[in-house]
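Engineer: Here it is, the structure, as structure tokens.
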Amino acid sequence: MLPKLKYQVRDLNFYYSSVPALININMEIHKNQVTALIGPSGCGKSTFLRCLNRMNDTIKGTRVVGKILLDGTDIYGSELSVVDLRRRVGMVFQKPNPFPQSVFDNVAFGPRVLGLTESKSDLEDIVEDSLRKAAVWDDVKDSLSKNALGLALGQQQRVCIARVLATKPEVILMDESTSALDPIATLKIEDLIDQLKKDYTIVIVTHNMQQAARVSDRTGLFWLGELIEYDLTGKIFTNPTVELTESYITGKLG
């Protein structure tokens with residue numbers, strides 16, 4: 001049985017004013033898999049990631065041409081609101097960005113705003129479940145009322161992941177989400193990604209070739225706004241089709 005597609009990206013072009021940042025991108029992102037986007041700084045991978053939940057809409061002068069289908073629905077069309085899209089497609093940023101609030105209030109923020117709970121006990125259940133799924137419950141269960149900014153960076157990032165999970169998304173976007181972490185905290189996040197893909201579709205941007213090879217099912221190389229090659233991760237790293245891909249992965253270019 002072929003894996004189900006979560007996203008279909010068709011002839012996507014993206015512009016900052018008149019400057020093209022993405023050029024004719026075509027890609028299929030599979031459900032319950034981890035897709036890694038690699039490439040040098042400024043190549044378009046983070047811009048592409050932000051297109052998947054329309055985060056670029058907040059930047060003045062940007063323009064999108066082409067289609068991005070989420071479960072067959074064009075996310076830039078009228079059938080899907082931006083609010084609903086961003087509930088379904090959560091994002092974890094490069095640096096941990098917990099709110100200057102308690103751990104509990106950080107995770108409870110989304111469910112409160114979206115009205116996902118009917119009682120205090122429902123909210124407590126969602127917070128605990130999200131922290132457990134983010135593999136940080138044991139670290140924080142006795143300090144839920146303490147400011148999340150007092151946690152170690154790795155714990156902060158997992159609380160931020162729990163905050164995303166609390167809104168019950170279908171897709172999790174991670175923009176270099178381990179680049180600010182130490183190796184031990186990074187491995188914990190990588191282990192978490194492997195667990196989460198059972199229930200979520202995950203797309204990560206990473207500069208770490210080893211990380212892409214470890215955690216992803218499929219990998220795409222971006223270069224000067226173009227998607228140079230996109231395939232199963234094992235093939236990309238051992239037998240790429242395009243010479244540029246091999247040169248980048250082996251460090252000859254970058």
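If you're wondering about the labels, chains in the structure tokens are A, B, ... by order shown, residues count from 1 in each chain, ligands from 1 in order shown.
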Going by DSSP on the backbone, which residues of region 108-171 of chain A come out as alpha helix (DSSP H)? List them as a ChimeraX atom specification.

Structural biologist: /A:108-114,120-133,137-140,153-165

Engineer: Write the residues of the selection above to a file with C-alpha atoms, as a PDB file, in the first residue's frame.

Structural biologist:
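What ended up in again-v4.pdb:
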ATOM      1  CA  ALA A 108      -2.735  25.478  28.212  1.00  0.00           C
ATOM      2  CA  PHE A 109      -2.524  28.635  26.087  1.00  0.00           C
ATOM      3  CA  GLY A 110      -3.710  27.131  22.794  1.00  0.00           C
ATOM      4  CA  PRO A 111      -6.589  25.057  24.181  1.00  0.00           C
ATOM      5  CA  ARG A 112      -7.837  28.100  26.119  1.00  0.00           C
ATOM      6  CA  VAL A 113      -7.727  30.420  23.105  1.00  0.00           C
ATOM      7  CA  LEU A 114      -9.300  27.863  20.787  1.00  0.00           C
ATOM      8  CA  LYS A 120     -10.616  22.639  34.316  1.00  0.00           C
ATOM      9  CA  SER A 121     -10.091  18.890  34.521  1.00  0.00           C
ATOM     10  CA  ASP A 122     -10.253  18.603  30.719  1.00  0.00           C
ATOM     11  CA  LEU A 123      -7.578  21.295  30.454  1.00  0.00           C
ATOM     12  CA  GLU A 124      -5.400  19.570  33.049  1.00  0.00           C
ATOM     13  CA  ASP A 125      -5.702  16.313  31.110  1.00  0.00           C
ATOM     14  CA  ILE A 126      -4.639  17.985  27.850  1.00  0.00           C
ATOM     15  CA  VAL A 127      -1.657  19.660  29.533  1.00  0.00           C
ATOM     16  CA  GLU A 128      -0.468  16.408  31.114  1.00  0.00           C
ATOM     17  CA  ASP A 129      -1.027  14.392  27.929  1.00  0.00           C
ATOM     18  CA  SER A 130       0.860  16.955  25.826  1.00  0.00           C
ATOM     19  CA  LEU A 131       3.786  17.093  28.247  1.00  0.00           C
ATOM     20  CA  ARG A 132       3.923  13.296  28.282  1.00  0.00           C
ATOM     21  CA  LYS A 133       3.902  13.134  24.480  1.00  0.00           C
ATOM     22  CA  TRP A 137       6.337  15.363  31.959  1.00  0.00           C
ATOM     23  CA  ASP A 138       8.705  13.646  34.387  1.00  0.00           C
ATOM     24  CA  ASP A 139      10.964  16.723  34.333  1.00  0.00           C
ATOM     25  CA  VAL A 140       8.241  19.274  35.082  1.00  0.00           C
ATOM     26  CA  LEU A 153      17.008  24.945  27.075  1.00  0.00           C
ATOM     27  CA  GLY A 154      16.274  21.355  26.079  1.00  0.00           C
ATOM     28  CA  GLN A 155      13.365  21.227  28.521  1.00  0.00           C
ATOM     29  CA  GLN A 156      12.108  24.592  27.246  1.00  0.00           C
ATOM     30  CA  GLN A 157      12.073  23.274  23.683  1.00  0.00           C
ATOM     31  CA  ARG A 158      10.125  20.176  24.698  1.00  0.00           C
ATOM     32  CA  VAL A 159       7.625  22.384  26.551  1.00  0.00           C
ATOM     33  CA  CYS A 160       7.278  24.377  23.309  1.00  0.00           C
ATOM     34  CA  ILE A 161       6.627  21.098  21.472  1.00  0.00           C
ATOM     35  CA  ALA A 162       4.017  20.226  24.117  1.00  0.00           C
ATOM     36  CA  ARG A 163       2.431  23.642  23.553  1.00  0.00           C
ATOM     37  CA  VAL A 164       2.067  22.753  19.858  1.00  0.00           C
ATOM     38  CA  LEU A 165       0.716  19.276  20.626  1.00  0.00           C
TER      39      LEU A 165
END

Engineer: Return as a list in words the full set of residues in region 28-90 of chain A whose backbone-based DSSP assignment is strand (DSSP E).

Structural biologist: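 After running DSSP on the backbone, region 28-90 of chain A has strand (DSSP E) at Glu28, Ile29, His30, Val34, Thr35, Ala36, Leu37, Ile38, Thr62, Arg63, Val64, Val65, Gly66, Lys67, Ile68, Leu69, Leu70, Thr73, Asp74, Val89 and Gly90 of chain A.
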
Engineer: Counting only C-alpha atoms, which residues in region 186-242 of chain A sit no more than 9 Å from region 24-32 of chain A? For each one, give the nearest pair of atoms and the distance in Å, sorted by chain then residue number, as a Markdown table.

Structural biologist:
| residue | atom | partner | partner_atom | distance |
| --- | --- | --- | --- | --- |
| A:Leu196 | CA | A:Asn32 | CA | 8.5 |
| A:Lys197 | CA | A:Asn32 | CA | 5.0 |
| A:Lys198 | CA | A:Asn32 | CA | 5.8 |
| A:Asp199 | CA | A:Asn32 | CA | 6.4 |
| A:Tyr200 | CA | A:Asn32 | CA | 5.3 |
| A:Thr201 | CA | A:Asn32 | CA | 4.4 |
| A:Ile202 | CA | A:Asn32 | CA | 7.1 |
| A:Val203 | CA | A:Ile29 | CA | 8.4 |
| A:Arg218 | CA | A:Ile29 | CA | 8.6 |
| A:Gly220 | CA | A:Met27 | CA | 8.9 |
| A:Gly225 | CA | A:Ile25 | CA | 8.5 |
| A:Glu226 | CA | A:Ile25 | CA | 6.6 |
| A:Leu227 | CA | A:Ile25 | CA | 6.0 |
| A:Tyr230 | CA | A:Met27 | CA | 7.7 |

Engineer: Create the file for the chosen residues now, containing C-alpha atoms and written as a PDB file, in the first residue's frame.

Structural biologist:
ATOM      1  CA  LEU A 196       5.801  11.549  17.332  1.00  0.00           C
ATOM      2  CA  LYS A 197       5.724  10.520  13.674  1.00  0.00           C
ATOM      3  CA  LYS A 198       3.435   7.635  14.624  1.00  0.00           C
ATOM      4  CA  ASP A 199       0.699  10.217  15.194  1.00  0.00           C
ATOM      5  CA  TYR A 200       1.879  13.274  13.261  1.00  0.00           C
ATOM      6  CA  THR A 201       3.411  14.291   9.955  1.00  0.00           C
ATOM      7  CA  ILE A 202       6.697  16.091  10.615  1.00  0.00           C
ATOM      8  CA  VAL A 203       8.755  18.397   8.413  1.00  0.00           C
ATOM      9  CA  ARG A 218      12.638  11.510   2.992  1.00  0.00           C
ATOM     10  CA  GLY A 220      14.935  17.308  -0.061  1.00  0.00           C
ATOM     11  CA  GLY A 225      15.436  28.614  -4.241  1.00  0.00           C
ATOM     12  CA  GLU A 226      15.100  25.385  -6.204  1.00  0.00           C
ATOM     13  CA  LEU A 227      14.389  21.851  -5.023  1.00  0.00           C
ATOM     14  CA  TYR A 230      13.887  14.885  -3.243  1.00  0.00           C
TER      15      TYR A 230
END

Engineer: Just give me the gap between CA of Leu80 (chain A) and CA of Leu192 (chain A) in Å, one decimal is fine.

Structural biologist: 29.5 Å

Engineer: Using only C-alpha atoms for the distances, tell me which of A:Ser81, A:Met91, A:Lys67, A:Ile249 is nearest to Pro169 (chain A).

Structural biologist: A:Met91

Engineer: Sorted by chain and rising residue number, list the residues of region 63-99 of chain A at most 7 Å from region 52-56 of chain A (counting only C-alpha atoms), each with its closest atom pair and distance in Å to one decimal, as CSV.

Structural biologist:
residue,atom,partner,partner_atom,distance
A:Leu85,CA,A:Asn53,CA,6.3
A:Arg86,CA,A:Asn53,CA,5.8
A:Val89,CA,A:Asn53,CA,6.0

Engineer: Rank A:Leu221, A:Leu232, A:Leu253, A:Val92 by their smallest atom-to-atom distance to Gly39 (chain A), using only C-alpha atoms, and report the top residue only.

Structural biologist: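 Once distances to Gly39 (chain A) are computed over only C-alpha atoms, the minimum belongs to A:Leu221.
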
Engineer: With a distance cut-off of 9 Å and only C-alpha atoms, select the neighbouring residues of Gly234 (chain A), excluding the residue or stretch itself and same-chain residues fewer than 5 positions from it, and output the selection as a list in words.

Structural biologist: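 These residues fall inside the cut-off: Ala213, Asp217, Arg218, Thr219 and Asn239 of chain A.
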
Engineer: Find the residues near Val64 (chain A): any atom within 7 Å, counting only C-alpha atoms, skip ones fewer than 3 places away on the same chain, and give them as number ranges by chain.

Structural biologist: A: 13-15

Engineer: Emit the selected residues as a CSV table (one decimal), in the first residue's frame, including N, CA and C atoms.

Structural biologist:
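So part-v3.csv came out as:
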chain,number,residue,atom,x,y,z
A,13,ASN,N,5.9,29.0,-6.5
A,13,ASN,CA,6.8,30.1,-6.6
A,13,ASN,C,6.5,31.1,-5.5
A,14,PHE,N,7.6,31.6,-4.8
A,14,PHE,CA,7.3,32.5,-3.7
A,14,PHE,C,8.3,33.7,-3.9
A,15,TYR,N,7.7,34.9,-3.7
A,15,TYR,CA,8.5,36.2,-3.9
A,15,TYR,C,8.5,37.1,-2.7

Engineer: Find the residue from A:Lys45, A:Arg88, A:Lys60, A:Lys188 that sits nearest to Ile75 (chain A); use only C-alpha atoms when measuring.

Structural biologist: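 Under the stated criterion, the closest residue is A:Arg88.
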
Engineer: Let me make sure I understand: among A:Cys51, A:Ala166, A:Leu181, A:Leu70, which one has the smallest atom-to-atom distance to Asp105 (chain A) if we use only C-alpha atoms?

Structural biologist: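 Looking at the shortest contact to Asp105 (chain A), the residue is A:Ala166.
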
Engineer: Nearest to Thr178 (chain A): which of A:Gln101, A:Gln210, A:Pro96, A:Lys4 is it, counting only C-alpha atoms?

Structural biologist: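 Under the stated criterion, the closest residue is A:Pro96.
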